[in-house]
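A.B. asks: Below is query.csv; it holds CSV, C-alpha atoms and all ligand atoms.
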chain,number,residue,atom,x,y,z
A,1,MET,CA,0.0,0.0,0.0
A,2,LEU,CA,1.4,3.3,-1.1
A,3,ASN,CA,-0.1,6.5,0.2
A,4,LEU,CA,1.1,9.6,-1.6
A,5,LEU,CA,0.4,13.3,-1.7
A,6,ILE,CA,1.2,15.3,-4.7
A,7,MET,CA,1.8,19.1,-4.6
A,8,GLY,CA,2.8,21.8,-7.0
A,9,LYS,CA,2.0,25.3,-8.0
A,10,PRO,CA,-1.1,25.6,-10.3
A,11,GLY,CA,0.1,24.5,-13.8
A,12,ALA,CA,3.2,22.7,-12.6
A,13,GLY,CA,2.1,19.6,-14.4
A,14,LYS,CA,1.2,17.7,-11.3
A,15,GLY,CA,-2.0,16.5,-13.0
A,16,THR,CA,0.0,14.7,-15.6
A,17,GLN,CA,2.4,13.1,-13.1
A,18,ALA,CA,-0.5,12.2,-10.9
A,19,ALA,CA,-2.3,10.4,-13.8
A,20,LYS,CA,0.9,8.4,-14.6
A,21,LEU,CA,1.6,7.4,-11.0
A,22,LEU,CA,-2.1,6.4,-10.4
A,23,LYS,CA,-1.9,4.0,-13.3
A,24,PHE,CA,1.5,2.6,-12.4
A,25,TYR,CA,0.9,2.0,-8.7
A,26,HIS,CA,-2.9,1.3,-9.1
A,27,LEU,CA,-3.7,4.1,-6.6
A,28,THR,CA,-7.1,5.7,-5.9
A,29,HIS,CA,-7.1,9.3,-6.9
A,30,ILE,CA,-8.5,11.8,-4.3
A,31,SER,CA,-8.5,15.2,-6.0
A,32,THR,CA,-10.5,17.9,-4.2
A,33,GLY,CA,-10.5,20.0,-7.4
A,34,ASP,CA,-12.1,17.1,-9.3
A,35,ILE,CA,-14.6,16.6,-6.5
A,36,TYR,CA,-15.6,20.3,-6.7
A,37,ARG,CA,-15.8,20.3,-10.5
A,38,ARG,CA,-18.1,17.2,-10.4
A,39,GLU,CA,-20.3,18.8,-7.8
A,40,MET,CA,-20.5,21.9,-10.0
A,41,LYS,CA,-21.6,19.8,-13.0
A,42,LYS,CA,-24.2,18.2,-10.9
A,43,GLY,CA,-25.5,21.6,-9.8
A,44,SER,CA,-25.5,20.6,-6.2
A,45,ASP,CA,-25.5,23.1,-3.3
A,46,LEU,CA,-21.8,22.2,-2.6
A,47,GLY,CA,-21.0,22.7,-6.3
A,48,ARG,CA,-22.7,26.1,-6.4
A,49,LEU,CA,-20.8,27.2,-3.3
A,50,ALA,CA,-17.5,25.9,-4.6
A,51,GLN,CA,-18.0,27.7,-7.9
A,52,GLU,CA,-18.0,31.1,-6.2
A,53,TYR,CA,-14.5,30.5,-4.9
A,54,MET,CA,-13.1,28.6,-7.9
A,55,LYS,CA,-14.0,31.1,-10.5
A,56,LYS,CA,-12.0,33.7,-8.6
A,57,GLY,CA,-9.1,31.3,-8.1
A,58,GLU,CA,-9.8,31.4,-4.3
A,59,LEU,CA,-9.8,28.5,-1.9
A,60,VAL,CA,-13.0,26.9,-0.7
A,61,PRO,CA,-13.1,27.3,3.1
A,62,ASP,CA,-11.0,24.7,5.0
A,63,ASP,CA,-13.7,23.2,7.1
A,64,ILE,CA,-15.8,22.3,4.0
A,65,THR,CA,-12.8,20.8,2.2
A,66,ASN,CA,-11.6,18.9,5.3
A,67,ASN,CA,-15.0,17.3,5.8
A,68,ILE,CA,-15.1,16.1,2.2
A,69,VAL,CA,-11.7,14.5,2.4
A,70,GLU,CA,-12.5,12.9,5.7
A,71,GLU,CA,-15.6,11.4,4.2
A,72,VAL,CA,-13.7,10.0,1.2
A,73,LEU,CA,-10.9,8.6,3.3
A,74,ASN,CA,-13.3,7.0,5.8
A,75,GLN,CA,-14.8,5.0,3.0
A,76,LYS,CA,-11.5,3.2,2.6
A,77,LYS,CA,-11.9,2.6,-1.1
A,78,TYR,CA,-8.2,2.5,-1.8
A,79,PRO,CA,-7.0,-1.2,-1.9
A,80,HIS,CA,-3.5,-0.3,-3.2
A,81,GLY,CA,-3.2,3.1,-1.5
A,82,PHE,CA,-4.3,6.6,-2.5
A,83,MET,CA,-2.9,9.8,-4.1
A,84,LEU,CA,-4.2,13.0,-2.6
A,85,ASP,CA,-4.0,15.7,-5.2
A,86,GLY,CA,-4.7,19.4,-4.5
A,87,TYR,CA,-5.1,18.7,-0.8
A,88,PRO,CA,-3.9,19.9,1.7
A,89,ARG,CA,-3.4,23.5,0.5
A,90,THR,CA,-3.1,25.2,3.9
A,91,ARG,CA,-1.5,24.5,7.3
A,92,SER,CA,-4.9,23.9,8.9
A,93,GLN,CA,-5.8,21.4,6.1
A,94,ALA,CA,-2.5,19.6,6.7
A,95,GLU,CA,-3.2,19.4,10.4
A,96,ALA,CA,-6.7,18.1,9.7
A,97,LEU,CA,-5.2,15.5,7.4
A,98,ASP,CA,-2.8,14.3,10.1
A,99,ARG,CA,-5.7,13.9,12.5
A,100,ILE,CA,-7.9,12.0,9.9
A,101,LEU,CA,-5.0,9.7,9.0
A,102,SER,CA,-4.0,9.0,12.6
A,103,ASP,CA,-7.7,8.2,13.4
A,104,LEU,CA,-7.6,5.7,10.6
A,105,GLY,CA,-4.2,4.3,11.6
A,106,ILE,CA,-2.8,5.2,8.1
A,107,LYS,CA,0.5,6.8,7.2
A,108,LEU,CA,1.6,8.9,4.3
A,109,ASN,CA,4.6,7.4,2.5
A,110,ALA,CA,5.8,10.5,0.6
A,111,VAL,CA,4.8,14.0,-0.3
A,112,ILE,CA,5.8,14.8,-3.9
A,113,ASN,CA,6.4,18.4,-4.9
A,114,VAL,CA,6.6,19.1,-8.6
A,115,HIS,CA,8.7,22.2,-8.8
A,116,VAL,CA,8.5,24.7,-11.6
A,117,SER,CA,9.6,28.4,-11.6
A,118,ASP,CA,6.9,31.1,-11.6
A,119,LYS,CA,8.1,32.4,-15.0
A,120,VAL,CA,7.7,29.1,-16.7
A,121,LEU,CA,4.3,28.6,-15.1
A,122,LEU,CA,2.8,31.9,-16.2
A,123,GLU,CA,3.9,31.2,-19.8
A,124,ARG,CA,2.4,27.7,-19.7
A,125,MET,CA,-0.9,28.8,-18.2
A,126,ALA,CA,-1.5,31.9,-20.3
A,127,GLY,CA,-1.3,29.8,-23.5
A,128,ARG,CA,-3.6,27.0,-22.4
A,129,ARG,CA,-6.8,26.5,-24.4
A,130,VAL,CA,-9.5,23.9,-24.0
A,131,CYS,CA,-12.4,22.7,-26.1
A,132,PRO,CA,-15.7,23.4,-24.2
A,133,ASN,CA,-17.3,20.6,-26.1
A,134,CYS,CA,-15.0,17.5,-26.1
A,135,GLY,CA,-12.4,18.6,-23.4
A,136,GLU,CA,-9.4,18.4,-25.7
A,137,THR,CA,-6.6,20.6,-24.5
A,138,TYR,CA,-4.1,22.8,-26.5
A,139,HIS,CA,-1.3,25.2,-25.9
A,140,LEU,CA,-0.8,28.2,-28.2
A,141,ARG,CA,3.0,27.5,-28.4
A,142,SER,CA,3.7,23.9,-27.6
A,143,HIS,CA,0.5,22.3,-28.9
A,144,PRO,CA,-1.6,24.7,-31.1
A,145,PRO,CA,-4.7,23.5,-33.0
A,146,VAL,CA,-4.3,23.2,-36.8
A,147,LYS,CA,-6.9,26.0,-37.4
A,148,GLU,CA,-6.3,28.9,-35.0
A,149,GLY,CA,-8.8,29.0,-32.1
A,150,ILE,CA,-10.7,25.9,-33.3
A,151,CYS,CA,-10.7,22.4,-31.9
A,152,ASP,CA,-9.1,19.8,-34.2
A,153,VAL,CA,-11.3,17.1,-32.9
A,154,CYS,CA,-14.8,18.6,-33.1
A,155,MET,CA,-14.3,22.0,-34.7
A,156,THR,CA,-15.8,23.9,-31.7
A,157,PRO,CA,-14.2,27.3,-30.9
A,158,LEU,CA,-11.7,27.0,-28.1
A,159,ILE,CA,-11.9,28.8,-24.8
A,160,GLN,CA,-9.6,29.6,-21.8
A,161,ARG,CA,-10.7,27.9,-18.7
A,162,GLU,CA,-12.1,30.6,-16.4
A,163,ASP,CA,-9.4,29.9,-13.8
A,164,ASP,CA,-6.7,30.0,-16.5
A,165,LEU,CA,-7.3,33.7,-17.1
A,166,GLU,CA,-4.3,35.8,-16.1
A,167,LYS,CA,-5.8,37.6,-13.2
A,168,SER,CA,-7.0,34.3,-11.8
A,169,VAL,CA,-3.7,32.6,-12.5
A,170,LEU,CA,-1.8,35.3,-10.6
A,171,ASN,CA,-4.3,35.1,-7.7
A,172,ARG,CA,-3.8,31.3,-7.5
A,173,LEU,CA,0.0,31.7,-7.6
A,174,ASN,CA,-0.2,34.2,-4.8
A,175,ILE,CA,-2.4,32.0,-2.7
A,176,TYR,CA,-0.1,29.1,-3.3
A,177,ASN,CA,3.0,31.1,-2.3
A,178,ARG,CA,1.3,32.4,0.8
A,179,LEU,CA,-0.6,29.4,2.1
A,180,THR,CA,0.5,26.2,0.4
A,181,LYS,CA,4.3,26.7,0.0
A,182,PRO,CA,4.9,26.7,3.8
A,183,LEU,CA,3.6,23.1,3.7
A,184,LEU,CA,6.8,22.1,2.0
A,185,ASP,CA,8.6,22.8,5.2
A,186,TYR,CA,5.9,21.1,7.2
A,187,TYR,CA,6.5,17.9,5.3
A,188,ARG,CA,10.2,18.3,5.0
A,189,GLU,CA,10.4,18.4,8.8
A,190,LYS,CA,8.5,15.1,8.9
A,191,GLY,CA,11.0,13.6,6.5
A,192,LEU,CA,8.3,13.0,3.8
A,193,LEU,CA,9.2,15.6,1.1
A,194,LEU,CA,10.3,14.5,-2.3
A,195,VAL,CA,11.1,17.4,-4.6
A,196,ILE,CA,11.2,16.8,-8.3
A,197,ASN,CA,12.2,19.2,-11.1
A,198,GLY,CA,9.0,19.7,-13.2
A,199,GLU,CA,10.6,21.6,-16.1
A,200,GLY,CA,11.6,18.5,-18.1
A,201,SER,CA,9.5,16.2,-20.3
A,202,ALA,CA,6.6,14.5,-18.6
A,203,GLN,CA,8.1,11.1,-19.3
A,204,SER,CA,11.5,11.8,-17.9
A,205,ILE,CA,10.0,13.4,-14.7
A,206,PHE,CA,7.8,10.3,-14.3
A,207,LYS,CA,10.8,8.0,-14.7
A,208,GLU,CA,12.7,9.9,-12.0
A,209,LEU,CA,9.7,9.8,-9.7
A,210,VAL,CA,9.4,6.0,-9.9
A,211,THR,CA,13.1,5.6,-9.3
A,212,ARG,CA,13.0,7.7,-6.3
A,213,LEU,CA,9.8,6.3,-5.0
A,214,GLY,CA,11.4,2.9,-5.2
A,215,ASP,CA,13.1,3.7,-1.9
A,216,TYR,CA,9.9,3.9,0.0
B,301,LIG,P1,-7.4,22.3,-8.6
B,301,LIG,O1,-8.0,21.6,-9.8
B,301,LIG,O2,-6.8,21.4,-7.6
B,301,LIG,O3,-6.5,23.4,-9.0
B,301,LIG,O4,-8.6,23.0,-7.8
B,301,LIG,C1,-9.4,24.0,-8.5
B,301,LIG,C2,-10.1,24.9,-7.4
B,301,LIG,O5,-10.9,24.1,-6.5
B,301,LIG,C3,-9.1,25.7,-6.6
B,301,LIG,O6,-8.7,26.9,-7.2
B,301,LIG,C4,-10.0,25.9,-5.3
B,301,LIG,O7,-10.9,27.0,-5.6
B,301,LIG,C5,-10.8,24.6,-5.2
B,301,LIG,N1,-10.0,23.7,-4.4
B,301,LIG,C6,-9.5,22.5,-4.8
B,301,LIG,N2,-8.8,21.9,-3.7
B,301,LIG,C7,-8.9,22.7,-2.7
B,301,LIG,C8,-8.5,22.7,-1.3
B,301,LIG,N3,-7.7,21.7,-0.9
B,301,LIG,N4,-8.8,23.7,-0.5
B,301,LIG,C9,-9.6,24.7,-0.9
B,301,LIG,N5,-10.0,24.8,-2.2
B,301,LIG,C10,-9.7,23.8,-3.1
Just give me the structure of the file as structure tokens.

C.D. replies:
Amino acid sequence: MLNLLIMGKPGAGKGTQAAKLLKFYHLTHISTGDIYRREMKKGSDLGRLAQEYMKKGELVPDDITNNIVEEVLNQKKYPHGFMLDGYPRTRSQAEALDRILSDLGIKLNAVINVHVSDKVLLERMAGRRVCPNCGETYHLRSHPPVKEGICDVCMTPLIQREDDLEKSVLNRLNIYNRLTKPLLDYYREKGLLLVINGEGSAQSIFKELVTRLGDY
């Protein structure tokens, strides 16, 4: 059983690494961002509440998020272990997680931080485009569509995700630097932190991660 936590600034590519690790180690994915997006799609009260924070790039209040994670972890649907993604994001969430895990008698094996500089991040995020119809993603520089502004797959005009707009991106980065970055020290002190350079190719980053996780 491998219990991981993956962290990284918004746009660091932690989603890509998370997907690869999940498949490789057969882990259960626990992503608070995905949970909120699902609730938004369903139009539930929780989804509507979360949307107010998400569209501004702000964090949903800690007690709401902690309760959701506690509920999911208590269900114990992770036969090979889990990967927490996008949680915790604040000191109080990290402390809540410690309590939840200790109540369940479970330990984290490692906390992965995918590190990318702010400059590279802003460039990556500003160029991101997504198809609102089929979900295909593009990047103006590294992966542009054949016809400018149009989805290659279904010919729908591309959009920027609301939380990829520059103002929101900067807001999310500021929040990360202020609230989430201190968690790196929190986990370093516990001897759990594994920092990986996120500026290389997705495949080489993944290979290095698996090699280093081999020690756990
Ligand atoms: P993500 O996909 O992880 O970037 O999450 C998208 C948005 O969902 C964030 O910008 C927050 O508004 C909200 N969210 C996700 N995870 C958390 C969390 N751990 N605490 C508070 N808000 C969160």

A.B. asks: Which neighbours of Val130 (chain A) fall inside 6 Å, counting all atoms listed in the file, when residues of the same chain fewer than 6 positions from it are skipped, and could you give them as number ranges by chain?

C.D. replies: A: 136-137, 158-159

A.B. asks: Considering all atoms listed in the file, can you say which of A:Lys20, A:His26, A:Arg178, A:Lys190 comes closest to Val111 (chain A)?

C.D. replies: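 Nearest to Val111 (chain A): A:Lys190.
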
A.B. asks: Which residue out of A:Asn66, A:Asn197, A:Thr32, A:Ser204 has the minimum interatomic distance to ligand LIG 301 (chain B) when only C-alpha atoms and all ligand atoms are used?

C.D. replies: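 Between A:Asn66, A:Asn197, A:Thr32, A:Ser204, the residue approaching ligand LIG 301 (chain B) most closely is A:Thr32.
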
A.B. asks: For a quick check of understanding, using only C-alpha atoms, which of A:Arg37, A:His143, A:Lys56, A:Lys9 has the smallest distance to Val120 (chain A)?

C.D. replies: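 Of A:Arg37, A:His143, A:Lys56, A:Lys9, the one nearest Val120 (chain A) is A:Lys9, counting only C-alpha atoms.
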
A.B. asks: For Lys181 (chain A), which of A:Pro79, A:Pro61, A:Pro88, A:Gly127 is the closest residue, counting only C-alpha atoms?

C.D. replies: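 Nearest to Lys181 (chain A): A:Pro88.
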
A.B. asks: Around ligand LIG 301 (chain B), out to 7 Å and counting all atoms listed in the file, which residues are there? I want them as a VMD selection string.

C.D. replies: chain A and resid 10 31 to 34 36 50 53 to 54 57 to 62 65 85 to 89 172

A.B. asks: Ranking A:Met155, A:Val169, A:Ile6, A:Leu84 by minimum distance to Leu121 (chain A) and counting all atoms listed in the file, which one comes first?

C.D. replies: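 Of A:Met155, A:Val169, A:Ile6, A:Leu84, the one nearest Leu121 (chain A) is A:Val169, counting all atoms listed in the file.
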
A.B. asks: Just the number, please: distance in Å from CA of Val153 (chain A) to CA of Cys131 (chain A), one decimal.

C.D. replies: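 Interatomic distance here is 8.9 Å.
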
A.B. asks: May I ask for the distance between CA of Ile205 (chain A) and CA of Val114 (chain A), given in Å to one decimal place?

C.D. replies: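 CA of Val114 (chain A) lies 9.0 Å from CA of Ile205 (chain A).
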
A.B. asks: Just checking: using all atoms listed in the file, which residue out of A:Gly200, A:Tyr187, A:Ser168, A:Ala94 ends up closest to Asn109 (chain A)?

C.D. replies: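 Result for the nearest residue to Asn109 (chain A): A:Tyr187.
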
A.B. asks: Just give me the gap between CA of Leu108 (chain A) and CA of Leu4 (chain A) in Å, one decimal is fine.

C.D. replies: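 We find that CA of Leu108 (chain A) and CA of Leu4 (chain A) lie 6.0 Å from each other.
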
A.B. asks: Contacts of Gly149 (chain A) at 9 Å or less, counting all atoms listed in the file, minus same-chain residues fewer than 5 places along, as a list in words?

C.D. replies: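 My list of contacting residues is Arg129, Leu140, Pro144, Thr156, Pro157, Leu158 and Ile159 of chain A.
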
A.B. asks: Residues within 10 Å of Asn113 (chain A), please, as a ChimeraX atom specification. Count only C-alpha atoms; anything in the same chain fewer than 4 positions from it doesn't count.

C.D. replies: /A:5-9,12,14,181,184,193-198

A.B. asks: Fewer than 2 positions away in the same chain doesn't count, so skip those; otherwise give me all residues within 12 Å of Leu2 (chain A), counting only C-alpha atoms, as an mmCIF file with C-alpha atoms, in the frame of the given file.

C.D. replies:
data_model
loop_
_atom_site.group_PDB
_atom_site.id
_atom_site.type_symbol
_atom_site.label_atom_id
_atom_site.label_comp_id
_atom_site.auth_asym_id
_atom_site.auth_seq_id
_atom_site.Cartn_x
_atom_site.Cartn_y
_atom_site.Cartn_z
ATOM 1 C CA LEU A 4 1.100 9.600 -1.600
ATOM 2 C CA LEU A 5 0.400 13.300 -1.700
ATOM 3 C CA LEU A 21 1.600 7.400 -11.000
ATOM 4 C CA LEU A 22 -2.100 6.400 -10.400
ATOM 5 C CA PHE A 24 1.500 2.600 -12.400
ATOM 6 C CA TYR A 25 0.900 2.000 -8.700
ATOM 7 C CA HIS A 26 -2.900 1.300 -9.100
ATOM 8 C CA LEU A 27 -3.700 4.100 -6.600
ATOM 9 C CA THR A 28 -7.100 5.700 -5.900
ATOM 10 C CA HIS A 29 -7.100 9.300 -6.900
ATOM 11 C CA TYR A 78 -8.200 2.500 -1.800
ATOM 12 C CA PRO A 79 -7.000 -1.200 -1.900
ATOM 13 C CA HIS A 80 -3.500 -0.300 -3.200
ATOM 14 C CA GLY A 81 -3.200 3.100 -1.500
ATOM 15 C CA PHE A 82 -4.300 6.600 -2.500
ATOM 16 C CA MET A 83 -2.900 9.800 -4.100
ATOM 17 C CA LEU A 84 -4.200 13.000 -2.600
ATOM 18 C CA ILE A 106 -2.800 5.200 8.100
ATOM 19 C CA LYS A 107 0.500 6.800 7.200
ATOM 20 C CA LEU A 108 1.600 8.900 4.300
ATOM 21 C CA ASN A 109 4.600 7.400 2.500
ATOM 22 C CA ALA A 110 5.800 10.500 0.600
ATOM 23 C CA VAL A 111 4.800 14.000 -0.300
ATOM 24 C CA LEU A 213 9.800 6.300 -5.000
ATOM 25 C CA GLY A 214 11.400 2.900 -5.200
ATOM 26 C CA ASP A 215 13.100 3.700 -1.900
ATOM 27 C CA TYR A 216 9.900 3.900 0.000
#
